[in-house]
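Everything on this sheet refers to the single structure shown next.
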Amino acid sequence: KVLLRHNARDIAWLTLNRPKAYNALSSDLMSELISSLNSIANERDIKVVVIKGAGKGFCAGHDLQEMKVNNNETFLENFFAQCCVLMQAIVNLPQPVIAQVHGTAAAAGCQLVASCDLAVSSDDAIFATPGVNIGLFCSTPMVAVSRKVSRKKTMKMLLTGDPINAEYAKEIGLINDYYPISELEEEVLKLARKIASKSNLTIKIGKKAFYKQLEMPISKAYKYTSEIMTKNAMELDAEEGISAFLEKRKPNWKNK
């Protein structure tokens, strides 16, 4: 299998399992990832998803070998469209998605990191959009990266193809944090469990609203989020959460 999945309580772990190809995104791997995410979207017991890579690193990007063998417009059009569907499946997933990164995340691998809601890496991880070095500009990766990182910093990555380290990736907002590799999985699990302890209905409402309001003018964004907060406030979990806060007790979420 090119993708492995296992659940730890209410957390689903998706492992890119093409270590010999540095977990390059082949058609098969992207297809399995999309299928898994679509399945997870309907699983109420799964509250957080973690995406990681097997072997030496996270993901080398698009599968260049597959692209070379299938060098025709129809295949390439479908191939890049499939990758765009994958990235949007992460954004549209009701559950938060955390990228757990070690080694290198390059090109579409960097896009995958940027597409996830949160990203945590090892302290020696490397990130790059190096397509310019092989004559293929990282045009689809830049969609996700430019929505997490400022324009000039994104453009420098795209125009030079130079890699950046974990410290700089955190500084520019590509990742949330980094840890020694020996502590990485434990820290990701700690973060996932903290999120999973919240009302997953509230998280679902908030994640959807977050991405939707980003594309709106500010006045429309405030109108939309005011409507969302009103609906959210009418839910049982909001009533329970407010009561628990005022009564100085732990809330008992019903997820409705």
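Chain labels A, B, ... are given in the sequence in which chains occur in the structure tokens; within each chain residues are numbered consecutively from 1, and ligands are likewise numbered from 1 in the order shown.
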Inset, instruction - Apply DSSP to the structure's backbone, then extract all residues of stretch 45-221 of chain A labelled helix (DSSP H, G or I) and return them as a PyMOL selection string. - result: chain A and resi 64-69+73-92+108-115+131-134+139-145+151-160+166-171+181-196+200-214+218-221
Legend entry - Contact residues around stretch 233-242 of chain A with only C-alpha atoms at 7 Å, ignoring same-chain residues under 5 positions, as a list in words: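 Result of the neighbour search: Ser199, Pro251, Trp253, Lys254, Asn255 and Lys256 of chain A.
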Expected file: the selected residues, C-alpha atoms, as a PDB file, in the first residue's frame:
ATOM      1  CA  SER A 199     -16.167  19.977  21.102  1.00  0.00           C
ATOM      2  CA  PRO A 251     -17.500  20.871  30.135  1.00  0.00           C
ATOM      3  CA  TRP A 253     -19.354  17.892  25.323  1.00  0.00           C
ATOM      4  CA  LYS A 254     -22.265  16.308  23.442  1.00  0.00           C
ATOM      5  CA  ASN A 255     -20.904  17.369  20.033  1.00  0.00           C
ATOM      6  CA  LYS A 256     -24.270  18.828  19.096  1.00  0.00           C
TER       7      LYS A 256
END
Legend entry - Closest of A:Asn70, A:Thr230, A:Asn38, A:Gln100 to A:Leu16 - atom-to-atom distances counting only C-alpha atoms: A:Gln100
Inset, instruction - Between A:Ser122, A:Ser197, A:Asn133, A:Ser31, single out the one closest to A:Ile181, counting only C-alpha atoms. - result: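 Looking only at the distances to A:Ile181, the closest residue turns out to be A:Ser122.
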Inset, instruction - Please return as an NGL selection string: the residues of stretch 4-236 of chain A that backbone DSSP assigns to strand (DSSP E or B). - result: :A and (4-8 or 11-16 or 25 or 48-53 or 59 or 62 or 97-101 or 104-106 or 118-122 or 126-128 or 164-165 or 177-179)
